[in-house]
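Below: run_39.tsv (TSV, C-alpha atoms and all ligand atoms)
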chain	number	residue	atom	x	y	z
D	1136	MET	CA	109.74	133.35	129.71
D	1137	GLU	CA	111.43	132.44	132.98
D	1138	GLN	CA	113.11	129.45	131.31
D	1139	ASP	CA	114.47	131.76	128.62
D	1140	VAL	CA	115.87	134.18	131.22
D	1141	LEU	CA	117.55	131.36	133.10
D	1142	LEU	CA	118.95	129.82	129.91
D	1143	LYS	CA	120.53	133.12	128.87
D	1144	ASN	CA	121.87	133.58	132.37
D	1145	ASN	CA	123.44	130.11	132.39
D	1146	LEU	CA	125.23	130.75	129.10
D	1147	LEU	CA	126.72	133.97	130.41
D	1148	ALA	CA	127.58	132.33	133.73
D	1149	GLU	CA	129.65	129.79	131.81
D	1150	ARG	CA	131.54	132.64	130.16
D	1151	ASN	CA	132.26	134.13	133.57
D	1152	ARG	CA	133.37	130.70	134.78
D	1153	GLY	CA	135.72	130.38	131.80
D	1154	TYR	CA	137.20	133.78	132.60
D	1155	PHE	CA	137.76	132.77	136.23
D	1156	GLU	CA	139.36	129.48	135.21
D	1157	ALA	CA	141.66	131.13	132.66
D	1158	ARG	CA	142.84	133.61	135.31
D	1159	ASN	CA	142.97	131.05	138.10
D	1160	ILE	CA	140.49	133.07	140.17
D	1161	VAL	CA	138.24	131.45	142.77
D	1162	ALA	CA	134.83	133.17	142.86
D	1163	LEU	CA	132.53	132.68	145.84
D	1164	ASN	CA	128.86	133.70	145.83
D	1165	PHE	CA	127.69	134.76	149.32
D	1166	LEU	CA	123.94	134.47	149.84
D	1167	SER	CA	121.57	135.11	152.74
D	1168	SER	CA	118.51	136.98	153.87
D	1169	PRO	CA	119.10	140.66	154.78
D	1170	GLY	CA	120.89	141.24	158.07
D	1171	SER	CA	122.51	137.85	158.60
D	1172	GLY	CA	125.96	139.43	158.46
D	1173	LYS	CA	127.43	138.79	155.00
D	1174	THR	CA	129.28	142.11	154.82
D	1175	SER	CA	130.51	141.80	158.42
D	1176	LEU	CA	131.71	138.29	157.64
D	1177	LEU	CA	133.71	139.64	154.68
D	1178	GLU	CA	135.11	142.43	156.85
D	1179	LYS	CA	136.29	139.83	159.35
D	1180	THR	CA	137.69	137.21	156.97
D	1181	ILE	CA	139.28	139.24	154.15
D	1182	PRO	CA	142.06	140.78	156.30
D	1183	LEU	CA	143.03	137.24	157.38
D	1184	LEU	CA	143.31	136.11	153.74
D	1185	LEU	CA	145.14	139.08	152.24
D	1186	GLY	CA	148.54	137.78	153.35
D	1187	ASP	CA	148.06	134.70	151.15
D	1188	PHE	CA	146.51	136.05	147.92
D	1189	PRO	CA	144.76	139.16	146.52
D	1190	VAL	CA	141.05	139.53	147.25
D	1191	ALA	CA	138.42	141.60	145.40
D	1192	VAL	CA	134.71	142.05	146.08
D	1193	ILE	CA	131.53	142.64	144.10
D	1194	GLU	CA	128.76	144.02	146.32
D	1195	GLY	CA	125.14	143.54	145.28
D	1196	ASP	CA	122.36	145.62	146.83
D	1197	GLN	CA	119.19	147.21	145.50
D	1198	GLN	CA	120.40	150.69	146.54
D	1199	THR	CA	123.29	152.51	148.28
D	1200	THR	CA	127.04	152.00	148.27
D	1201	ASN	CA	127.13	151.40	152.04
D	1202	ASP	CA	128.51	147.87	151.85
D	1203	ALA	CA	131.06	148.74	149.16
D	1204	ASP	CA	132.23	151.65	151.34
D	1205	ARG	CA	132.80	149.23	154.22
D	1206	ILE	CA	134.81	146.85	151.99
D	1207	HIS	CA	136.72	149.76	150.42
D	1208	ALA	CA	137.92	150.65	153.93
D	1209	LEU	CA	139.75	147.29	154.00
D	1210	GLY	CA	141.85	148.50	151.07
D	1211	VAL	CA	140.64	145.87	148.60
D	1212	PRO	CA	139.18	146.52	145.12
D	1213	VAL	CA	135.37	146.60	145.26
D	1214	ILE	CA	132.54	147.39	142.88
D	1215	GLN	CA	128.99	148.07	144.01
D	1216	VAL	CA	126.25	146.77	141.73
D	1217	ASN	CA	122.85	148.33	142.44
D	1218	THR	CA	120.02	146.19	141.13
D	1219	GLY	CA	117.31	148.83	141.63
D	1220	SER	CA	114.05	146.91	141.81
D	1221	GLY	CA	115.89	143.65	141.02
D	1222	CYS	CA	116.12	141.17	143.87
D	1223	HIS	CA	119.21	139.18	142.80
D	1224	LEU	CA	122.49	139.47	140.93
D	1225	ASP	CA	122.65	137.83	137.53
D	1226	ALA	CA	125.56	136.69	135.37
D	1227	LEU	CA	125.33	139.78	133.13
D	1228	MET	CA	125.74	142.16	136.09
D	1229	VAL	CA	128.81	140.21	137.21
D	1230	ASN	CA	130.15	140.12	133.65
D	1231	ARG	CA	129.87	143.92	133.41
D	1232	ALA	CA	131.48	144.39	136.82
D	1233	LEU	CA	134.38	142.12	135.78
D	1234	LYS	CA	135.06	144.40	132.81
D	1235	GLU	CA	135.40	147.39	135.14
D	1236	MET	CA	137.65	145.61	137.62
D	1237	GLU	CA	141.25	144.65	137.15
D	1238	LEU	CA	141.27	141.32	138.92
D	1239	LYS	CA	144.63	139.78	139.62
D	1240	ASP	CA	145.47	136.25	138.48
D	1241	ASN	CA	145.50	133.63	141.26
D	1242	SER	CA	143.14	135.68	143.42
D	1243	LEU	CA	139.87	135.35	145.33
D	1244	LEU	CA	136.69	137.14	144.27
D	1245	CYS	CA	133.91	137.41	146.84
D	1246	ILE	CA	130.50	138.23	145.39
D	1247	GLU	CA	127.99	139.41	147.98
D	1248	ASN	CA	124.56	138.83	146.53
D	1249	VAL	CA	121.41	140.84	147.28
D	1250	GLY	CA	119.94	139.82	150.64
D	1251	ASN	CA	117.23	137.38	149.60
D	1252	LEU	CA	116.92	133.63	150.19
D	1253	VAL	CA	114.70	132.96	147.17
D	1254	CYS	CA	115.67	133.82	143.56
D	1255	PRO	CA	119.46	134.33	143.95
D	1256	ALA	CA	119.54	130.53	144.28
D	1257	MET	CA	118.42	130.18	140.65
D	1258	PHE	CA	120.98	132.52	139.09
D	1259	ASP	CA	124.39	130.98	138.46
D	1260	LEU	CA	127.00	133.76	138.37
D	1261	GLY	CA	129.87	131.52	137.29
D	1262	GLU	CA	131.09	131.09	140.85
D	1263	ALA	CA	133.08	128.10	142.11
D	1264	LYS	CA	130.94	127.75	145.22
D	1265	LYS	CA	127.86	129.19	146.86
D	1266	ILE	CA	128.09	130.06	150.54
D	1267	VAL	CA	124.77	130.59	152.32
D	1268	VAL	CA	124.87	132.54	155.58
D	1269	ILE	CA	122.14	132.18	158.19
D	1270	SER	CA	122.07	133.77	161.63
D	1271	THR	CA	120.75	132.78	165.03
D	1272	THR	CA	118.26	135.67	164.99
D	1273	GLU	CA	116.40	133.89	162.18
D	1274	GLY	CA	114.37	130.69	162.50
D	1275	ASP	CA	116.21	127.37	162.72
D	1276	ASP	CA	113.64	126.00	160.23
D	1277	LYS	CA	114.81	128.36	157.46
D	1278	PRO	CA	116.52	125.57	155.50
D	1279	LEU	CA	113.13	123.80	155.31
D	1280	LYS	CA	111.28	126.98	154.34
D	1281	TYR	CA	113.79	127.96	151.62
D	1282	PRO	CA	115.07	124.57	150.46
D	1283	ALA	CA	116.20	125.68	146.99
D	1284	MET	CA	118.84	127.96	148.47
D	1285	PHE	CA	120.20	125.31	150.83
D	1286	HIS	CA	120.04	122.69	148.13
D	1287	GLU	CA	122.12	124.86	145.76
D	1288	ALA	CA	124.66	125.92	148.39
D	1289	ASP	CA	128.00	124.18	148.95
D	1290	ILE	CA	128.75	125.70	152.34
D	1291	CYS	CA	126.45	126.93	155.11
D	1292	VAL	CA	127.73	129.40	157.69
D	1293	LEU	CA	125.71	129.89	160.87
D	1294	ASN	CA	126.56	133.38	162.16
D	1295	LYS	CA	125.90	135.19	165.47
D	1296	THR	CA	126.57	132.11	167.63
D	1297	ASP	CA	127.39	134.54	170.47
D	1298	LEU	CA	123.63	135.20	170.70
D	1299	LEU	CA	122.66	131.52	171.12
D	1300	PRO	CA	122.10	131.81	174.91
D	1301	TYR	CA	119.59	134.62	174.36
D	1302	VAL	CA	117.55	133.43	171.38
D	1303	ASP	CA	115.16	130.57	170.75
D	1304	PHE	CA	117.37	128.97	168.13
D	1305	SER	CA	118.90	125.50	168.12
D	1306	ALA	CA	122.13	125.28	166.14
D	1307	SER	CA	121.92	121.49	166.02
D	1308	ARG	CA	118.31	121.56	164.80
D	1309	CYS	CA	119.20	124.10	162.12
D	1310	ARG	CA	122.10	121.95	161.02
D	1311	GLU	CA	119.86	118.86	160.89
D	1312	ASN	CA	117.31	120.78	158.81
D	1313	ALA	CA	120.00	122.01	156.44
D	1314	MET	CA	121.46	118.51	156.07
D	1315	ARG	CA	118.00	117.10	155.35
D	1316	VAL	CA	117.78	119.43	152.36
D	1317	ASN	CA	121.39	118.89	151.23
D	1318	HIS	CA	123.56	116.26	152.87
D	1319	HIS	CA	126.64	117.47	150.96
D	1320	LEU	CA	126.50	120.86	152.69
D	1321	GLU	CA	129.64	121.84	154.61
D	1322	TRP	CA	128.66	123.40	157.93
D	1323	PHE	CA	130.47	126.17	159.83
D	1324	GLU	CA	129.43	128.02	162.98
D	1325	VAL	CA	130.89	131.48	163.56
D	1326	SER	CA	130.46	134.64	165.53
D	1327	VAL	CA	131.65	137.61	163.53
D	1328	LYS	CA	131.37	139.59	166.76
D	1329	THR	CA	133.66	137.45	168.95
D	1330	GLY	CA	135.67	135.84	166.17
D	1331	GLU	CA	134.71	132.32	167.26
D	1332	GLY	CA	134.90	129.89	164.32
D	1333	ILE	CA	136.36	132.46	161.92
D	1334	GLU	CA	139.73	130.73	161.74
D	1335	ALA	CA	138.11	127.44	160.62
D	1336	LEU	CA	136.13	129.18	157.91
D	1337	THR	CA	139.07	131.22	156.60
D	1338	GLY	CA	141.13	128.01	156.63
D	1339	ARG	CA	138.54	126.38	154.37
D	1340	ILE	CA	138.52	129.37	151.99
D	1341	ARG	CA	142.32	129.40	151.90
D	1342	GLN	CA	142.27	125.69	151.04
D	1343	MET	CA	139.80	126.31	148.19
D	1344	VAL	CA	142.09	128.92	146.68
D	1345	LYS	CA	145.20	126.77	147.05
D	1346	ASP	CA	143.49	123.62	145.67
D	1347	ARG	CA	142.10	125.25	142.56
D	1401	MG	MG	125.63	143.41	153.00
D	1402	ZN	ZN	115.30	138.08	142.18
Hey, can you dump this file as structure tokens for me?
Amino acid sequence: MEQDVLLKNNLLAERNRGYFEARNIVALNFLSSPGSGKTSLLEKTIPLLLGDFPVAVIEGDQQTTNDADRIHALGVPVIQVNTGSGCHLDALMVNRALKEMELKDNSLLCIENVGNLVCPAMFDLGEAKKIVVISTTEGDDKPLKYPAMFHEADICVLNKTDLLPYVDFSASRCRENAMRVNHHLEWFEVSVKTGEGIEALTGRIRQMVKDR
């Protein structure tokens, strides 16, 4: 049963990927547990990217349009997908959202997944890269506890570095743990609050869009 669901998802994900390639759109899948700051990270980075290319967002949450409202305030196209009892976005939800959006060619699409470090790792949405966000208010052993997510991710962003002096969290230990699970992982450390590290991360995203 689960194999069947994943197989169907993968087929549809490839259709999404074909759509993105045909339109020269870079799609990024942002993943994390709830509260690590995915939406805040988008609020901070998108305004820095808008001068270079158009950006659109798909917001995934079980309920509410709160995050889409925050992104809408940036003046970029956004669609909220509510999954109800579902705990992840799948390729069909993204496919339907794409039909409602008018994405521009040569643009960036940020997909904010449902806050959950487990099953979103298994569902390919057709994205170019997966970006997993972890924050210093979580445990630095999270990459070892949820290895599938860190194994699937291309980029790991450690957020809330401004809190490091006040929390029992070692950035270097977290990085080591993440690298043990996936030594190809690109590592960034940011504080959405102070802006530290944001320029490096937006530079990397800009490069991805220009290199496509
Ligand atoms: Mg959010
Ligand atoms: Zn799920």
Contacts of Ala1256 of chain D at 12 Å or less, counting all atoms listed in the file, minus same-chain residues fewer than 4 places along, as a JSON list (two decimals) with C-alpha atoms, in the frame of the given file?
[["chain", "number", "residue", "atom", "x", "y", "z"],
["D", 1141, "LEU", "CA", 117.55, 131.36, 133.10],
["D", 1164, "ASN", "CA", 128.86, 133.70, 145.83],
["D", 1165, "PHE", "CA", 127.69, 134.76, 149.32],
["D", 1166, "LEU", "CA", 123.94, 134.47, 149.84],
["D", 1167, "SER", "CA", 121.57, 135.11, 152.74],
["D", 1168, "SER", "CA", 118.51, 136.98, 153.87],
["D", 1222, "CYS", "CA", 116.12, 141.17, 143.87],
["D", 1223, "HIS", "CA", 119.21, 139.18, 142.80],
["D", 1224, "LEU", "CA", 122.49, 139.47, 140.93],
["D", 1225, "ASP", "CA", 122.65, 137.83, 137.53],
["D", 1248, "ASN", "CA", 124.56, 138.83, 146.53],
["D", 1249, "VAL", "CA", 121.41, 140.84, 147.28],
["D", 1250, "GLY", "CA", 119.94, 139.82, 150.64],
["D", 1251, "ASN", "CA", 117.23, 137.38, 149.60],
["D", 1252, "LEU", "CA", 116.92, 133.63, 150.19],
["D", 1260, "LEU", "CA", 127.00, 133.76, 138.37],
["D", 1264, "LYS", "CA", 130.94, 127.75, 145.22],
["D", 1265, "LYS", "CA", 127.86, 129.19, 146.86],
["D", 1266, "ILE", "CA", 128.09, 130.06, 150.54],
["D", 1267, "VAL", "CA", 124.77, 130.59, 152.32],
["D", 1281, "TYR", "CA", 113.79, 127.96, 151.62],
["D", 1282, "PRO", "CA", 115.07, 124.57, 150.46],
["D", 1283, "ALA", "CA", 116.20, 125.68, 146.99],
["D", 1284, "MET", "CA", 118.84, 127.96, 148.47],
["D", 1285, "PHE", "CA", 120.20, 125.31, 150.83],
["D", 1286, "HIS", "CA", 120.04, 122.69, 148.13],
["D", 1287, "GLU", "CA", 122.12, 124.86, 145.76],
["D", 1288, "ALA", "CA", 124.66, 125.92, 148.39],
["D", 1289, "ASP", "CA", 128.00, 124.18, 148.95]]
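You can rank D:Val1344, D:Val1161, D:Ile1290, D:Val1268 by their closest distance to ligand MG 1401 (chain D) using all atoms listed in the file, and at the top of that list sits D:Val1268.
Atom CA of Ile1206 of chain D is positioned 16.9 Å from atom CA of Leu1233 of chain D.
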Study note, to complete from the structure: Using all atoms listed in the file, the best pick from D:Thr1218, D:Asn1159, D:Thr1174, D:Gln1138 as closest to ligand ZN 1402 (chain D) would be D:Thr1218
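Among the candidates D:Leu1227, D:Leu1176, D:Ala1148, D:Ala1208, the one nearest to ligand MG 1401 (chain D) when counting all atoms listed in the file is D:Leu1176.
Distances from D:Asp1204, D:Leu1163, D:Arg1158, D:Val1140 to ligand MG 1401 (chain D) were compared using all atoms listed in the file, and the smallest one belongs to D:Asp1204.
The space separating atom CA of Thr1199 of chain D from atom CA of Val1216 of chain D comes to 9.2 Å.
If you look at atom CA of Leu1184 of chain D and atom CA of Leu1320 of chain D, they are 22.7 Å away from each other.
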Find the residues near ligand MG 1401 (chain D). Use a cut-off of 9 Å, count all atoms listed in the file, and write them as an mmCIF file with C-alpha atoms, in the frame of the given file.
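The resulting file, result.cif, is reproduced below:
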data_model
loop_
_atom_site.group_PDB
_atom_site.id
_atom_site.type_symbol
_atom_site.label_atom_id
_atom_site.label_comp_id
_atom_site.auth_asym_id
_atom_site.auth_seq_id
_atom_site.Cartn_x
_atom_site.Cartn_y
_atom_site.Cartn_z
ATOM 1 C CA PRO D 1169 119.100 140.660 154.780
ATOM 2 C CA GLY D 1170 120.890 141.240 158.070
ATOM 3 C CA SER D 1171 122.510 137.850 158.600
ATOM 4 C CA GLY D 1172 125.960 139.430 158.460
ATOM 5 C CA LYS D 1173 127.430 138.790 155.000
ATOM 6 C CA THR D 1174 129.280 142.110 154.820
ATOM 7 C CA SER D 1175 130.510 141.800 158.420
ATOM 8 C CA GLU D 1194 128.760 144.020 146.320
ATOM 9 C CA GLY D 1195 125.140 143.540 145.280
ATOM 10 C CA ASP D 1196 122.360 145.620 146.830
ATOM 11 C CA ASN D 1201 127.130 151.400 152.040
ATOM 12 C CA ASP D 1202 128.510 147.870 151.850
ATOM 13 C CA ALA D 1203 131.060 148.740 149.160
ATOM 14 C CA GLU D 1247 127.990 139.410 147.980
ATOM 15 C CA ASN D 1248 124.560 138.830 146.530
ATOM 16 C CA VAL D 1249 121.410 140.840 147.280
ATOM 17 C CA GLY D 1250 119.940 139.820 150.640
#
Find the axis-aligned box for segment 1319-1325 of chain D, covering all its listed atoms and adding 3 Å on each side, and write its centre and edge lengths in Å to one decimal as JSON.
{"center_x": 128.7, "center_y": 124.5, "center_z": 157.3, "size_x": 10.4, "size_y": 20.0, "size_z": 18.6}
May I ask you to restore all heavy atoms in segment 1186-1197 of chain D and write the result as an mmCIF file, in the coordinates of the input?
data_model
loop_
_atom_site.group_PDB
_atom_site.id
_atom_site.type_symbol
_atom_site.label_atom_id
_atom_site.label_comp_id
_atom_site.auth_asym_id
_atom_site.auth_seq_id
_atom_site.Cartn_x
_atom_site.Cartn_y
_atom_site.Cartn_z
ATOM 1 N N GLY D 1186 147.126 138.150 153.308
ATOM 2 C CA GLY D 1186 148.540 137.780 153.350
ATOM 3 C C GLY D 1186 148.870 136.650 152.385
ATOM 4 O O GLY D 1186 150.026 136.464 152.015
ATOM 5 N N ASP D 1187 147.834 135.888 151.973
ATOM 6 C CA ASP D 1187 148.060 134.700 151.150
ATOM 7 C C ASP D 1187 147.812 134.941 149.661
ATOM 8 O O ASP D 1187 148.449 134.326 148.816
ATOM 9 C CB ASP D 1187 147.161 133.557 151.612
ATOM 10 C CG ASP D 1187 147.484 133.140 153.028
ATOM 11 O OD1 ASP D 1187 148.435 132.372 153.194
ATOM 12 O OD2 ASP D 1187 146.814 133.616 153.964
ATOM 13 N N PHE D 1188 146.836 135.781 149.330
ATOM 14 C CA PHE D 1188 146.510 136.050 147.920
ATOM 15 C C PHE D 1188 145.665 137.317 147.855
ATOM 16 O O PHE D 1188 145.057 137.720 148.845
ATOM 17 C CB PHE D 1188 145.759 134.865 147.291
ATOM 18 C CG PHE D 1188 144.774 134.205 148.219
ATOM 19 C CD1 PHE D 1188 143.555 134.788 148.496
ATOM 20 C CD2 PHE D 1188 145.087 132.992 148.831
ATOM 21 C CE1 PHE D 1188 142.654 134.191 149.349
ATOM 22 C CE2 PHE D 1188 144.188 132.387 149.704
ATOM 23 C CZ PHE D 1188 142.972 132.991 149.961
ATOM 24 N N PRO D 1189 145.595 137.956 146.661
ATOM 25 C CA PRO D 1189 144.760 139.160 146.520
ATOM 26 C C PRO D 1189 143.267 138.797 146.604
ATOM 27 O O PRO D 1189 142.867 137.695 146.205
ATOM 28 C CB PRO D 1189 145.096 139.672 145.122
ATOM 29 C CG PRO D 1189 146.308 138.928 144.682
ATOM 30 C CD PRO D 1189 146.318 137.633 145.417
ATOM 31 N N VAL D 1190 142.493 139.720 147.125
ATOM 32 C CA VAL D 1190 141.050 139.530 147.250
ATOM 33 C C VAL D 1190 140.353 140.749 146.626
ATOM 34 O O VAL D 1190 140.828 141.882 146.797
ATOM 35 C CB VAL D 1190 140.616 139.395 148.719
ATOM 36 C CG1 VAL D 1190 139.116 139.120 148.831
ATOM 37 C CG2 VAL D 1190 141.415 138.296 149.436
ATOM 38 N N ALA D 1191 139.263 140.514 145.906
ATOM 39 C CA ALA D 1191 138.420 141.600 145.400
ATOM 40 C C ALA D 1191 136.968 141.239 145.699
ATOM 41 O O ALA D 1191 136.655 140.070 145.970
ATOM 42 C CB ALA D 1191 138.626 141.801 143.904
ATOM 43 N N VAL D 1192 136.102 142.260 145.667
ATOM 44 C CA VAL D 1192 134.710 142.050 146.080
ATOM 45 C C VAL D 1192 133.761 142.714 145.093
ATOM 46 O O VAL D 1192 134.003 143.835 144.642
ATOM 47 C CB VAL D 1192 134.471 142.615 147.502
ATOM 48 C CG1 VAL D 1192 133.009 142.446 147.918
ATOM 49 C CG2 VAL D 1192 135.398 141.946 148.525
ATOM 50 N N ILE D 1193 132.677 142.030 144.770
ATOM 51 C CA ILE D 1193 131.530 142.640 144.100
ATOM 52 C C ILE D 1193 130.389 142.662 145.105
ATOM 53 O O ILE D 1193 130.039 141.623 145.666
ATOM 54 C CB ILE D 1193 131.110 141.856 142.829
ATOM 55 C CG1 ILE D 1193 132.217 141.900 141.775
ATOM 56 C CG2 ILE D 1193 129.801 142.409 142.256
ATOM 57 C CD1 ILE D 1193 131.941 141.036 140.538
ATOM 58 N N GLU D 1194 129.845 143.848 145.344
ATOM 59 C CA GLU D 1194 128.760 144.020 146.320
ATOM 60 C C GLU D 1194 127.442 144.202 145.583
ATOM 61 O O GLU D 1194 127.313 145.129 144.777
ATOM 62 C CB GLU D 1194 129.022 145.268 147.175
ATOM 63 C CG GLU D 1194 129.970 145.069 148.322
ATOM 64 C CD GLU D 1194 129.383 144.178 149.406
ATOM 65 O OE1 GLU D 1194 128.146 144.052 149.485
ATOM 66 O OE2 GLU D 1194 130.174 143.605 150.169
ATOM 67 N N GLY D 1195 126.465 143.385 145.865
ATOM 68 C CA GLY D 1195 125.140 143.540 145.280
ATOM 69 C C GLY D 1195 124.134 144.027 146.309
ATOM 70 O O GLY D 1195 124.027 143.442 147.386
ATOM 71 N N ASP D 1196 123.457 145.117 145.999
ATOM 72 C CA ASP D 1196 122.360 145.620 146.830
ATOM 73 C C ASP D 1196 121.398 146.336 145.918
ATOM 74 O O ASP D 1196 121.788 146.795 144.841
ATOM 75 C CB ASP D 1196 122.868 146.638 147.880
ATOM 76 C CG ASP D 1196 123.436 145.981 149.124
ATOM 77 O OD1 ASP D 1196 122.707 145.218 149.762
ATOM 78 O OD2 ASP D 1196 124.617 146.234 149.431
ATOM 79 N N GLN D 1197 120.148 146.480 146.339
ATOM 80 C CA GLN D 1197 119.190 147.210 145.500
ATOM 81 C C GLN D 1197 119.608 148.683 145.393
ATOM 82 O O GLN D 1197 119.563 149.272 144.326
ATOM 83 C CB GLN D 1197 117.776 147.078 146.073
ATOM 84 C CG GLN D 1197 117.215 145.666 145.852
ATOM 85 C CD GLN D 1197 115.730 145.593 146.093
ATOM 86 O OE1 GLN D 1197 115.209 146.181 147.027
ATOM 87 N NE2 GLN D 1197 115.036 144.849 145.241
#
